[in-house]
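Everything below belongs to final-v1.txt, which stores compact mmCIF, C-alpha atoms and all ligand atoms.
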```txt
# COMPACT_ATOMS: atom_id res chain seq x y z
CA MET W 24 0.00 0.00 0.00
CA THR W 25 1.19 3.53 -0.72
CA THR W 26 1.26 6.23 1.97
CA ALA W 27 -1.77 7.82 0.30
CA ASP W 28 -3.67 4.49 0.56
CA LEU W 29 -2.73 4.13 4.23
CA LEU W 30 -3.86 7.69 4.99
CA SER W 31 -7.12 7.13 3.16
CA GLN W 32 -7.65 3.89 5.08
CA PHE W 33 -7.03 5.66 8.39
CA ARG W 34 -9.47 8.46 7.49
CA GLY W 35 -12.11 5.91 6.48
CA ALA W 36 -15.51 7.49 5.92
CA PHE W 37 -14.81 10.47 8.16
CA PRO W 38 -15.47 13.86 6.44
CA THR W 39 -12.54 15.64 4.87
CA SER W 40 -11.49 19.26 4.72
CA ASN W 41 -8.71 20.39 2.46
CA PRO W 42 -5.59 21.69 4.16
CA ASN W 43 -5.00 25.38 3.75
CA ALA W 44 -2.24 27.74 4.80
CA ARG W 45 -3.96 28.54 8.09
CA ARG W 46 -4.20 24.86 8.98
CA VAL W 47 -0.56 24.22 8.09
CA ALA W 48 0.55 27.21 10.15
CA SER W 49 -1.55 26.00 13.10
CA ALA W 50 -0.11 22.46 12.84
CA LEU W 51 3.40 23.87 12.94
CA GLU W 52 2.60 25.69 16.17
CA ALA W 53 2.48 22.26 17.84
CA PRO W 54 5.67 20.69 16.49
CA GLY W 55 6.33 16.97 16.71
CA CYS W 56 2.73 15.86 17.24
CA HIS W 57 2.28 12.54 15.44
CA ARG W 58 -1.49 12.64 15.90
CA ARG W 59 -1.90 16.01 14.25
CA THR W 60 0.56 15.19 11.47
CA VAL W 61 -1.42 12.15 10.33
CA LEU W 62 -4.76 13.95 10.65
CA ASP W 63 -3.48 16.84 8.55
CA ALA W 64 -1.81 14.62 5.96
CA SER W 65 -5.02 12.62 5.59
CA ALA W 66 -7.13 15.82 5.30
CA VAL W 67 -9.48 14.78 8.11
CA ASN W 68 -12.02 17.46 8.98
CA LEU W 69 -10.48 18.49 12.31
CA ASP W 70 -13.39 20.64 13.46
CA LYS W 71 -15.81 17.75 13.03
CA LEU W 72 -13.42 15.30 14.71
CA GLY W 73 -12.84 17.72 17.60
CA ALA W 74 -16.61 18.17 17.99
CA LEU W 75 -17.15 14.40 17.98
CA ILE W 76 -14.56 13.51 20.58
CA THR W 77 -15.14 16.45 22.90
CA GLY W 78 -18.92 16.60 22.45
CA GLU W 79 -18.65 20.37 21.90
CA ALA W 80 -19.43 21.75 18.48
CA LYS W 81 -17.06 24.41 17.25
CA ASP W 82 -18.59 27.87 17.11
CA ARG W 83 -19.53 28.56 13.55
CA GLN W 84 -18.65 31.86 11.95
CA SER W 85 -21.80 33.94 11.93
CA PRO W 86 -23.57 34.16 8.55
CA PHE W 87 -23.41 37.95 8.95
CA ALA W 88 -19.61 37.85 9.24
CA ILE W 89 -19.34 35.54 6.22
CA THR W 90 -21.56 37.79 4.09
CA ARG W 91 -19.65 40.86 5.20
CA GLY W 92 -16.32 39.15 4.39
CA ASN W 93 -17.51 38.17 0.91
CA LYS W 94 -18.84 41.65 0.25
CA PHE W 95 -15.54 43.20 1.28
CA GLU W 96 -13.53 40.86 -0.96
CA THR W 97 -15.81 41.68 -3.88
CA SER W 98 -15.43 45.40 -3.26
CA VAL W 99 -11.65 45.02 -3.37
CA THR W 100 -11.50 42.81 -6.45
CA ASP W 101 -14.30 44.13 -8.70
CA ASN W 102 -13.85 46.82 -11.35
CA GLY W 103 -10.87 44.93 -12.76
CA MET W 104 -9.15 44.93 -9.36
CA ALA W 105 -8.96 48.73 -9.40
CA THR W 106 -8.86 49.04 -5.59
CA LEU W 107 -6.30 46.30 -5.18
CA LEU W 108 -4.06 47.65 -7.93
CA ALA W 109 -4.14 51.11 -6.36
CA LEU W 110 -3.13 49.66 -2.97
CA ALA W 111 -0.34 47.58 -4.51
CA ARG W 112 1.01 50.62 -6.32
CA GLU W 113 0.82 52.75 -3.19
CA HIS W 114 2.11 50.32 -0.55
CA LEU W 115 4.45 48.03 -2.46
CA GLY W 116 5.67 50.73 -4.82
CA LEU W 117 4.81 48.55 -7.81
CA SER W 118 4.40 50.04 -11.22
CA ILE W 119 1.65 47.97 -12.81
CA PRO W 120 0.51 49.77 -15.94
CA GLU W 121 -2.08 47.09 -16.74
CA ALA W 122 -3.30 43.97 -14.98
CA ARG W 123 -3.17 40.75 -16.96
CA GLN W 124 -4.94 38.40 -14.63
CA LYS W 125 -5.76 34.74 -14.47
CA ASP W 126 -8.20 33.08 -12.09
CA LEU W 127 -7.09 29.59 -11.04
CA SER W 128 -9.95 28.94 -8.63
CA ALA W 129 -11.49 25.47 -8.66
CA ALA W 130 -14.62 26.81 -10.38
CA ALA W 131 -12.67 28.58 -13.13
CA VAL W 132 -10.36 25.62 -13.85
CA ARG W 133 -13.25 23.15 -13.75
CA GLU W 134 -15.01 25.22 -16.39
CA GLU W 135 -11.97 24.93 -18.66
CA SER W 136 -11.34 21.25 -17.83
CA PRO W 137 -14.65 19.67 -16.88
CA GLY W 138 -14.93 16.18 -15.40
CA LEU W 139 -11.76 16.23 -13.30
CA SER W 140 -11.88 14.48 -9.92
CA HIS W 141 -11.00 16.56 -6.87
CA GLY W 142 -7.44 15.19 -6.75
CA ARG W 143 -6.87 15.68 -10.48
CA LEU W 144 -8.31 19.20 -10.29
CA ASN W 145 -5.76 20.11 -7.60
CA GLU W 146 -2.95 18.69 -9.71
CA ARG W 147 -4.19 20.62 -12.75
CA ARG W 148 -4.36 23.86 -10.76
CA ALA W 149 -0.87 23.26 -9.34
CA LEU W 150 0.46 22.60 -12.84
CA LEU W 151 -1.15 25.76 -14.23
CA THR W 152 0.22 27.79 -11.30
CA ARG W 153 3.67 26.43 -12.07
CA GLN W 154 3.37 27.32 -15.77
CA TYR W 155 2.16 30.88 -15.06
CA VAL W 156 4.85 31.47 -12.44
CA LYS W 157 7.47 30.23 -14.90
CA GLN W 158 6.25 32.78 -17.46
CA MET W 159 6.18 35.50 -14.79
CA LEU W 160 9.83 34.86 -14.07
CA SER W 161 11.03 34.52 -17.65
CA ALA W 162 8.94 37.13 -19.47
CA PRO W 163 7.39 39.46 -16.87
CA MET W 164 6.47 42.14 -19.38
CA ALA W 165 4.23 39.82 -21.36
CA ALA W 166 3.12 37.19 -18.86
CA VAL W 167 0.04 37.17 -16.68
CA ASN W 168 0.99 39.46 -13.82
CA LEU W 169 -1.85 38.82 -11.41
CA LEU W 170 -2.66 35.29 -10.37
CA ARG W 171 -5.78 34.65 -8.31
CA HIS W 172 -6.41 31.51 -6.26
CA ALA W 173 -3.10 29.93 -7.22
CA MET W 174 -2.43 26.40 -6.02
CA THR W 175 0.94 25.64 -4.51
CA ALA W 176 2.25 22.65 -2.60
CA ILE W 177 4.48 21.89 0.34
CA ASP W 178 6.03 18.74 1.68
CA PHE W 179 4.38 18.00 5.01
CA GLY W 180 6.03 15.04 6.70
CA GLY W 181 6.79 13.46 3.32
CA LYS W 182 3.28 13.98 1.97
CA VAL W 183 2.62 16.61 -0.70
CA VAL W 184 -0.08 18.92 0.57
CA HIS W 185 -1.77 21.23 -1.93
CA LEU W 186 -2.52 24.71 -0.69
CA GLU W 187 -5.19 26.83 -2.21
CA GLN W 188 -3.98 30.39 -1.94
CA ASP W 189 -6.86 32.77 -1.66
CA ALA W 190 -4.14 35.36 -1.91
CA LEU W 191 -3.12 37.04 -5.09
CA ALA W 192 0.33 37.11 -6.54
CA PHE W 193 1.55 40.07 -8.56
CA ALA W 194 4.61 39.63 -10.70
CA VAL W 195 6.49 42.79 -11.52
CA ASP W 196 10.02 43.03 -12.88
CA GLY W 197 10.60 39.32 -12.29
CA ARG W 198 9.58 39.43 -8.62
CA ILE W 199 6.45 37.98 -7.09
CA HIS W 200 4.49 39.76 -4.37
CA VAL W 201 1.85 38.12 -2.21
CA THR W 202 -1.36 39.92 -1.28
CA GLU W 203 -3.88 38.79 1.28
CA ILE W 204 -7.42 40.14 1.67
CA LYS W 205 -8.94 39.87 5.13
CA SER W 206 -12.31 41.06 6.36
CA PHE W 207 -11.47 41.81 10.02
CA ALA W 208 -11.43 45.51 10.60
CA CYS W 209 -8.47 47.74 11.27
CA ILE W 210 -9.89 50.13 13.85
CA ASP W 211 -8.02 53.40 14.39
CA GLY W 212 -4.92 51.79 12.89
CA GLN W 213 -5.12 48.68 15.13
CA ALA W 214 -6.22 45.21 14.04
CA ASP W 215 -7.20 42.38 16.42
CA PRO W 216 -3.74 41.07 17.48
CA GLU W 217 -4.79 37.40 17.37
CA LYS W 218 -6.28 37.68 13.89
CA ALA W 219 -3.34 39.78 12.72
CA SER W 220 -0.77 37.23 13.87
CA ALA W 221 -2.77 34.34 12.31
CA THR W 222 -2.77 36.31 9.04
CA VAL W 223 0.97 36.82 9.22
CA ARG W 224 1.58 33.09 9.78
CA GLN W 225 -0.78 32.21 6.95
CA ALA W 226 0.91 34.67 4.59
CA ALA W 227 4.29 33.19 5.55
CA VAL W 228 3.06 29.75 4.41
CA TYR W 229 2.07 31.24 1.04
CA VAL W 230 5.43 32.95 0.65
CA LEU W 231 7.32 29.79 1.60
CA SER W 232 5.41 27.61 -0.83
CA LEU W 233 5.93 30.14 -3.62
CA GLN W 234 9.64 30.32 -2.77
CA ASN W 235 9.81 26.53 -3.09
CA LEU W 236 8.03 26.74 -6.41
CA VAL W 237 10.37 29.33 -7.90
CA GLU W 238 13.40 27.38 -6.65
CA SER W 239 12.08 24.26 -8.36
CA LEU W 240 12.00 26.35 -11.56
CA GLY W 241 15.68 27.18 -11.16
CA ALA W 242 15.21 30.74 -9.83
CA SER W 243 16.37 32.17 -6.53
CA ARG W 244 13.87 32.19 -3.66
CA ASP W 245 14.55 35.94 -3.48
CA ALA W 246 12.28 36.21 -6.51
CA VAL W 247 9.42 36.07 -4.00
CA ASP W 248 9.19 39.25 -1.93
CA THR W 249 8.73 38.52 1.76
CA ARG W 250 6.85 41.81 2.16
CA VAL W 251 3.17 40.92 2.02
CA LEU W 252 0.37 43.38 1.35
CA VAL W 253 -2.55 42.75 3.71
CA VAL W 254 -5.79 44.46 2.70
CA LEU W 255 -8.30 45.19 5.47
CA PRO W 256 -11.50 47.23 5.89
CA GLU W 257 -10.90 50.51 7.65
CA ASN W 258 -12.90 50.86 10.87
CA LEU W 259 -16.42 49.54 10.28
CA THR W 260 -16.64 50.64 6.66
CA PHE W 261 -15.88 48.84 3.41
CA ARG W 262 -13.07 51.25 2.62
CA ALA W 263 -10.00 49.14 1.94
CA ILE W 264 -6.64 50.02 3.39
CA GLY W 265 -3.30 48.29 2.89
CA VAL W 266 -0.72 47.27 5.45
CA VAL W 267 2.67 45.86 4.47
CA VAL W 268 4.16 43.16 6.70
CA ASP W 269 7.56 41.58 6.21
CA VAL W 270 7.18 37.86 6.97
CA GLU W 271 10.81 36.92 6.38
CA MET W 272 11.38 35.85 9.99
CA GLN W 273 8.21 33.75 10.04
CA VAL W 274 9.16 32.08 6.76
CA ARG W 275 12.55 31.09 8.19
CA ARG W 276 10.89 29.70 11.29
CA LEU W 277 8.34 27.79 9.23
CA ARG W 278 11.12 26.29 7.13
CA ARG W 279 12.79 24.91 10.27
CA GLN W 280 9.47 23.65 11.63
CA LEU W 281 8.53 21.96 8.35
CA ALA W 282 11.89 20.20 8.22
CA ALA W 283 11.17 18.78 11.70
CA VAL W 284 7.67 17.43 10.92
CA PRO W 285 7.71 13.69 11.66
CA ARG W 286 7.55 11.44 8.58
CA VAL W 287 3.98 10.31 8.00
CA VAL W 288 5.13 6.94 6.69
CA ASP W 289 7.10 6.23 9.89
CA ILE W 290 4.12 7.16 12.09
CA LEU W 291 1.78 4.94 10.09
CA ASP W 292 4.21 2.06 10.62
CA GLY W 293 3.16 2.02 14.29
CA VAL W 294 -0.58 2.02 13.56
CA PRO W 295 -2.21 -1.45 13.64
CA PRO W 296 -3.49 -2.49 10.19
CA GLY W 297 -7.17 -1.77 9.68
CA THR W 298 -7.27 1.15 12.16
CA SER W 299 -9.80 3.60 10.86
CA LEU W 300 -11.90 6.56 11.97
CA PRO W 301 -15.65 5.97 11.99
CA ALA W 302 -18.14 7.80 9.79
CA ALA W 303 -19.26 11.04 11.46
CA PRO W 304 -22.73 10.70 13.01
CA GLY W 305 -25.35 12.72 11.12
CA ASP W 306 -27.34 15.59 12.63
CA GLY W 307 -30.22 13.32 13.63
CA ALA W 308 -28.03 10.58 15.13
CA LEU W 309 -29.16 8.99 18.39
CA ALA W 310 -27.09 9.53 21.54
CA GLU W 311 -25.90 5.88 21.47
CA GLN W 312 -24.72 6.25 17.86
CA VAL W 313 -22.76 9.36 18.78
CA GLN W 314 -21.28 7.60 21.83
CA SER W 315 -20.26 4.63 19.72
CA ALA W 316 -18.63 6.83 17.03
CA ARG W 317 -16.84 8.81 19.76
CA ALA W 318 -15.42 5.63 21.29
CA LEU W 319 -14.27 4.37 17.87
CA ALA W 320 -12.65 7.73 17.05
CA ARG W 321 -10.83 7.80 20.40
CA GLU W 322 -9.65 4.23 19.88
CA ALA W 323 -8.26 5.10 16.42
CA LEU W 324 -6.56 8.23 17.78
CA SER W 325 -4.98 6.30 20.63
CA HIS W 326 -2.59 4.77 18.08
CA LEU W 327 -1.28 8.23 17.14
CA PRO W 328 0.89 9.63 19.96
CA PRO W 329 0.01 13.25 20.76
CA ARG W 330 2.58 15.79 21.83
CA PHE W 331 0.69 18.17 24.00
CA GLY W 332 2.16 21.63 24.45
CA ASP W 333 1.55 25.37 24.49
CA GLY W 334 1.02 25.44 20.71
CA CYS W 335 -2.02 23.17 20.97
CA VAL W 336 -4.53 25.89 21.87
CA SER W 337 -5.58 26.48 18.28
CA CYS W 338 -5.98 22.75 17.53
CA PRO W 339 -9.59 21.51 17.46
CA LEU W 340 -8.49 18.48 19.50
CA PHE W 341 -7.08 20.66 22.27
CA LYS W 342 -9.62 19.84 24.99
CA SER W 343 -9.45 16.12 24.40
CA CYS W 344 -5.62 16.02 24.35
CA ARG W 345 -5.45 18.23 27.44
CA GLU W 346 -7.78 15.83 29.25
CA GLU W 347 -5.58 12.92 28.14
CA ALA W 348 -2.45 14.68 29.44
CA SER W 349 -4.22 15.38 32.77
CA ASP W 350 -5.45 11.78 33.11
CA GLN W 351 -1.93 10.51 32.53
CA SER W 352 -0.51 13.16 34.86
CA LEU W 353 1.95 14.31 32.17
CA VAL W 354 4.25 17.26 32.85
CA THR W 355 3.29 18.64 29.42
CA ARG W 356 -0.07 19.51 31.01
CA LEU W 357 1.82 22.20 32.98
CA GLY W 358 3.13 23.92 29.86
CA ASN W 359 6.24 23.84 27.70
CA ALA W 360 8.42 25.69 30.21
CA VAL W 361 7.84 23.12 32.96
CA ALA W 362 8.05 20.17 30.54
CA GLY W 363 11.35 21.56 29.22
CA LEU W 364 12.76 21.82 32.76
CA CYS W 365 11.74 18.24 33.52
CA GLY W 366 13.61 16.88 30.49
CA GLY W 367 13.12 13.11 30.25
CA VAL W 368 10.95 12.99 33.39
CA THR W 369 7.51 12.89 31.81
CA THR W 370 5.00 12.50 34.64
CA ILE W 371 4.13 14.94 37.40
CA ASN W 372 4.31 12.19 40.05
CA ALA W 373 7.82 11.15 38.99
CA ALA W 374 8.93 14.81 39.09
CA LEU W 375 7.41 15.27 42.57
CA ASP W 376 9.04 12.06 43.81
CA LEU W 377 12.42 13.24 42.53
CA SER W 378 11.97 16.66 44.13
CA THR W 379 11.21 15.15 47.57
CA GLY W 380 13.79 12.37 47.40
CA ARG W 381 11.11 9.67 47.39
CA ARG W 382 12.67 8.43 44.19
CA GLN W 383 16.37 8.13 43.39
CA PRO W 384 17.50 9.45 39.97
CA ALA W 385 18.02 6.60 37.50
CA ASN W 386 20.72 8.39 35.47
CA ALA W 387 22.73 11.59 35.18
CA SER W 388 20.02 13.54 33.39
CA GLU W 389 17.41 12.60 36.02
CA ALA W 390 19.93 13.64 38.69
CA ALA W 391 20.20 17.07 37.05
CA VAL W 392 16.39 17.38 36.92
CA ALA W 393 16.14 16.25 40.58
CA GLU W 394 18.69 18.86 41.65
CA MET W 395 16.85 21.61 39.83
CA LEU W 396 13.48 20.50 41.28
CA VAL W 397 14.87 20.37 44.84
CA ARG W 398 16.30 23.88 44.43
CA SER W 399 12.97 25.15 43.06
CA ALA W 400 11.02 23.48 45.90
CA ASN W 401 13.37 25.07 48.49
CA ALA W 402 13.04 28.49 46.84
CA PHE W 403 9.26 28.14 46.81
CA ALA W 404 9.18 27.12 50.50
CA TYR W 405 11.43 30.05 51.41
CA ALA W 406 9.24 32.48 49.45
CA LEU W 407 6.17 31.23 51.33
CA LYS W 408 7.95 31.68 54.63
CA VAL W 409 9.06 35.27 54.05
CA GLY W 410 6.04 36.29 51.96
S1 LIG W 501 -4.13 19.24 20.60
FE1 LIG W 501 -3.56 17.09 20.44
S2 LIG W 501 -3.64 16.58 18.27
FE2 LIG W 501 -3.68 18.80 18.44
S3 LIG W 501 -1.51 19.36 18.22
FE3 LIG W 501 -1.91 19.18 20.41
S4 LIG W 501 -1.38 17.11 20.99
FE4 LIG W 501 -1.54 17.19 18.76
```
Would you mind giving the structure from this file in structure tokens?
Amino acid sequence: MTTADLLSQFRGAFPTSNPNARRVASALEAPGCHRRTVLDASAVNLDKLGALITGEAKDRQSPFAITRGNKFETSVTDNGMATLLALAREHLGLSIPEARQKDLSAAAVREESPGLSHGRLNERRALLTRQYVKQMLSAPMAAVNLLRHAMTAIDFGGKVVHLEQDALAFAVDGRIHVTEIKSFACIDGQADPEKASATVRQAAVYVLSLQNLVESLGASRDAVDTRVLVVLPENLTFRAIGVVVDVEMQVRRLRRQLAAVPRVVDILDGVPPGTSLPAAPGDGALAEQVQSARALAREALSHLPPRFGDGCVSCPLFKSCREEASDQSLVTRLGNAVAGLCGGVTTINAALDLSTGRRQPANASEAAVAEMLVRSANAFAYALKVG
């Protein structure tokens, strides 16, 4: 069986959701997690899986927010992209006398090549993206200079993951510039810090995948500008404003994190043959059916070791993995800083026993951890005494 077959077998009939840059960035926030790596590589719908195993449905984005977001994107991209072009000229200093654009969205490519399966459609879009980027680099004055909904790819644990970029790429003078349109407001010059940092991480994934693409075409990765134009509505209006963010540092970090993603094929080696997620219970499912699916999902997940840590908060499986770490009394439940200090001592009880001398260190590294814990316990006791 190929890795793709094994992943498909593991996913079984569970619903899918295609990986996107936001999901990849979120996965990389929790490095080394075998569970998450396989779930991402097999395109399992994480929100639905999280809802099934925790029993708590994820808050859906309000229809009002979705409509508002769509309206804003349309206002930025209609009229031949007039608004967007003006912002790119102003904020990126690009001289774009005329836009020669190409839409590589699934709908547009399906219209040109009907009858393609989902997988083949992605491959077709990735191939077209590659061809247009090649022309952008070799003949920028004649090539398409504005690519919408490009499809790029990254290697995620040895599995090629296609990324649909809802961003736009401008090519000017042989350089490619990424633009991202977001619908959260910039109020009095300030955007929501959480949304802003998620946007930066997402844009960094786009830049990195485009850098990989241009390198595979024989060009330098510097052909992709790390300065990204983020377009946002100003205050509560639909007036678009542009903010330029340099994501170079994030791209370098992502590159290191991607290189450290565990190999999917090695993880699957440890999964018993035939392990599979159940079908997701439908809306009208009885409580017993939901319970049964939950138990089957937990059983399948138990073969994928989690690596709980601070970066897990954005993962839809967070509550379930946190509960697991608590049940097993793992030091990771206390956060990365404490887990880092405890080194190879993985349970809270073992750490407490070492700190009180109830347990003798088994080796030099445990002795170092014990010494540090004893010193911390003494400092804590002293602080209580004088405090
Ligand atoms: S919450 Fe669980 S599955 Fe998600 S990254 Fe953390 S340990 Fe992995």
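Using all atoms listed in the file, the residues found no farther than 12 Å from W:Gly78, other than those of its own chain fewer than 6 positions away, are Asp70, Lys71, Leu72, Pro304, Ala310, Val313, Gln314, Ala316, Arg317, Ala318, Pro339, Leu340, Lys342 and Ser343 of chain W.
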Name the residues within 12 Å of (20.4, 16.5, 36.1), counting only C-alpha atoms in the file's coordinates, and put them as a PDB file with C-alpha atoms, keeping the file's coordinate frame.
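And here is the file that came out, out_22.pdb:
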```pdb
ATOM      1  CA  LEU W 364      12.760  21.820  32.760  1.00  0.00           C
ATOM      2  CA  CYS W 365      11.740  18.240  33.520  1.00  0.00           C
ATOM      3  CA  GLY W 366      13.610  16.880  30.490  1.00  0.00           C
ATOM      4  CA  GLY W 367      13.120  13.110  30.250  1.00  0.00           C
ATOM      5  CA  VAL W 368      10.950  12.990  33.390  1.00  0.00           C
ATOM      6  CA  ALA W 374       8.930  14.810  39.090  1.00  0.00           C
ATOM      7  CA  LEU W 377      12.420  13.240  42.530  1.00  0.00           C
ATOM      8  CA  SER W 378      11.970  16.660  44.130  1.00  0.00           C
ATOM      9  CA  GLN W 383      16.370   8.130  43.390  1.00  0.00           C
ATOM     10  CA  PRO W 384      17.500   9.450  39.970  1.00  0.00           C
ATOM     11  CA  ALA W 385      18.020   6.600  37.500  1.00  0.00           C
ATOM     12  CA  ASN W 386      20.720   8.390  35.470  1.00  0.00           C
ATOM     13  CA  ALA W 387      22.730  11.590  35.180  1.00  0.00           C
ATOM     14  CA  SER W 388      20.020  13.540  33.390  1.00  0.00           C
ATOM     15  CA  GLU W 389      17.410  12.600  36.020  1.00  0.00           C
ATOM     16  CA  ALA W 390      19.930  13.640  38.690  1.00  0.00           C
ATOM     17  CA  ALA W 391      20.200  17.070  37.050  1.00  0.00           C
ATOM     18  CA  VAL W 392      16.390  17.380  36.920  1.00  0.00           C
ATOM     19  CA  ALA W 393      16.140  16.250  40.580  1.00  0.00           C
ATOM     20  CA  GLU W 394      18.690  18.860  41.650  1.00  0.00           C
ATOM     21  CA  MET W 395      16.850  21.610  39.830  1.00  0.00           C
ATOM     22  CA  LEU W 396      13.480  20.500  41.280  1.00  0.00           C
ATOM     23  CA  VAL W 397      14.870  20.370  44.840  1.00  0.00           C
ATOM     24  CA  ARG W 398      16.300  23.880  44.430  1.00  0.00           C
TER      25      ARG W 398
END
```
I'd like the contact shell of stretch 25-29 of chain W - 10 Å cut-off, only C-alpha atoms, skipping same-chain residues fewer than 5 positions apart - returned as a ChimeraX atom specification. /W:34-35,64-65,181-183,287-289,291-292,294,296-299
For ligand LIG 501 (chain W), collect every residue having any atom at a distance of at most 10 Å from a ligand atom (counting all atoms listed in the file); output as a PyMOL selection string. chain W and resi 49-63+69+73+324+327-348+355
Tell me, as a PyMOL selection string, which residues lie within 10 Å of W:Thr369, counting all atoms listed in the file; anything in the same chain fewer than 4 positions away does not count. chain W and resi 351-355+362-363+365+373-374
Close residues, W:Arg153 itself excluded, 9 Å, only C-alpha atoms, min 5 positions apart in chain, as a PyMOL selection string: chain W and resi 148+158+174-175+236-237+240
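The smallest atom-to-atom distance between W:Thr77 and any of W:Arg321, W:Ser31, W:Arg133, W:His326, using only C-alpha atoms, is found for W:Arg321.
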Could you add N, CA and C atoms to stretch 155-176 of chain W and give me the result as a PDB file, in the frame of the given file?
```
ATOM      1  N   TYR W 155       2.289  29.405 -15.074  1.00  0.00           N
ATOM      2  CA  TYR W 155       2.160  30.880 -15.060  1.00  0.00           C
ATOM      3  C   TYR W 155       3.311  31.528 -14.302  1.00  0.00           C
ATOM      4  N   VAL W 156       3.733  30.894 -13.209  1.00  0.00           N
ATOM      5  CA  VAL W 156       4.850  31.470 -12.440  1.00  0.00           C
ATOM      6  C   VAL W 156       6.130  31.422 -13.285  1.00  0.00           C
ATOM      7  N   LYS W 157       6.285  30.345 -14.029  1.00  0.00           N
ATOM      8  CA  LYS W 157       7.470  30.230 -14.900  1.00  0.00           C
ATOM      9  C   LYS W 157       7.495  31.392 -15.905  1.00  0.00           C
ATOM     10  N   GLN W 158       6.314  31.660 -16.503  1.00  0.00           N
ATOM     11  CA  GLN W 158       6.250  32.780 -17.460  1.00  0.00           C
ATOM     12  C   GLN W 158       6.502  34.114 -16.761  1.00  0.00           C
ATOM     13  N   MET W 159       5.968  34.244 -15.543  1.00  0.00           N
ATOM     14  CA  MET W 159       6.180  35.500 -14.790  1.00  0.00           C
ATOM     15  C   MET W 159       7.663  35.776 -14.603  1.00  0.00           C
ATOM     16  N   LEU W 160       8.410  34.696 -14.345  1.00  0.00           N
ATOM     17  CA  LEU W 160       9.830  34.860 -14.070  1.00  0.00           C
ATOM     18  C   LEU W 160      10.637  35.087 -15.338  1.00  0.00           C
ATOM     19  N   SER W 161      10.193  34.440 -16.445  1.00  0.00           N
ATOM     20  CA  SER W 161      11.030  34.520 -17.650  1.00  0.00           C
ATOM     21  C   SER W 161      10.636  35.695 -18.548  1.00  0.00           C
ATOM     22  N   ALA W 162       9.349  36.037 -18.578  1.00  0.00           N
ATOM     23  CA  ALA W 162       8.940  37.130 -19.470  1.00  0.00           C
ATOM     24  C   ALA W 162       7.924  38.014 -18.742  1.00  0.00           C
ATOM     25  N   PRO W 163       8.353  38.714 -17.694  1.00  0.00           N
ATOM     26  CA  PRO W 163       7.390  39.460 -16.870  1.00  0.00           C
ATOM     27  C   PRO W 163       6.611  40.537 -17.612  1.00  0.00           C
ATOM     28  N   MET W 164       7.166  41.063 -18.691  1.00  0.00           N
ATOM     29  CA  MET W 164       6.470  42.140 -19.380  1.00  0.00           C
ATOM     30  C   MET W 164       5.292  41.646 -20.206  1.00  0.00           C
ATOM     31  N   ALA W 165       5.310  40.340 -20.514  1.00  0.00           N
ATOM     32  CA  ALA W 165       4.230  39.820 -21.360  1.00  0.00           C
ATOM     33  C   ALA W 165       3.331  38.843 -20.619  1.00  0.00           C
ATOM     34  N   ALA W 166       3.867  38.254 -19.546  1.00  0.00           N
ATOM     35  CA  ALA W 166       3.120  37.190 -18.860  1.00  0.00           C
ATOM     36  C   ALA W 166       1.954  37.738 -18.056  1.00  0.00           C
ATOM     37  N   VAL W 167       1.084  36.823 -17.653  1.00  0.00           N
ATOM     38  CA  VAL W 167       0.040  37.170 -16.680  1.00  0.00           C
ATOM     39  C   VAL W 167       0.754  37.762 -15.474  1.00  0.00           C
ATOM     40  N   ASN W 168       0.272  38.876 -14.970  1.00  0.00           N
ATOM     41  CA  ASN W 168       0.990  39.460 -13.820  1.00  0.00           C
ATOM     42  C   ASN W 168       0.155  39.464 -12.543  1.00  0.00           C
ATOM     43  N   LEU W 169      -1.030  38.866 -12.603  1.00  0.00           N
ATOM     44  CA  LEU W 169      -1.850  38.820 -11.410  1.00  0.00           C
ATOM     45  C   LEU W 169      -2.568  37.468 -11.372  1.00  0.00           C
ATOM     46  N   LEU W 170      -2.145  36.654 -10.450  1.00  0.00           N
ATOM     47  CA  LEU W 170      -2.660  35.290 -10.370  1.00  0.00           C
ATOM     48  C   LEU W 170      -3.584  35.176  -9.168  1.00  0.00           C
ATOM     49  N   ARG W 171      -4.832  34.792  -9.427  1.00  0.00           N
ATOM     50  CA  ARG W 171      -5.780  34.650  -8.310  1.00  0.00           C
ATOM     51  C   ARG W 171      -5.975  33.177  -7.994  1.00  0.00           C
ATOM     52  N   HIS W 172      -6.122  32.876  -6.715  1.00  0.00           N
ATOM     53  CA  HIS W 172      -6.410  31.510  -6.260  1.00  0.00           C
ATOM     54  C   HIS W 172      -5.412  30.493  -6.824  1.00  0.00           C
ATOM     55  N   ALA W 173      -4.138  30.858  -6.753  1.00  0.00           N
ATOM     56  CA  ALA W 173      -3.100  29.930  -7.220  1.00  0.00           C
ATOM     57  C   ALA W 173      -3.089  28.687  -6.335  1.00  0.00           C
ATOM     58  N   MET W 174      -2.546  27.599  -6.849  1.00  0.00           N
ATOM     59  CA  MET W 174      -2.430  26.400  -6.020  1.00  0.00           C
ATOM     60  C   MET W 174      -0.959  26.000  -5.931  1.00  0.00           C
ATOM     61  N   THR W 175      -0.447  26.026  -4.724  1.00  0.00           N
ATOM     62  CA  THR W 175       0.940  25.640  -4.510  1.00  0.00           C
ATOM     63  C   THR W 175       0.964  24.392  -3.643  1.00  0.00           C
ATOM     64  N   ALA W 176       2.161  23.897  -3.377  1.00  0.00           N
ATOM     65  CA  ALA W 176       2.250  22.650  -2.600  1.00  0.00           C
ATOM     66  C   ALA W 176       3.423  22.742  -1.643  1.00  0.00           C
TER      67      ALA W 176
END
```
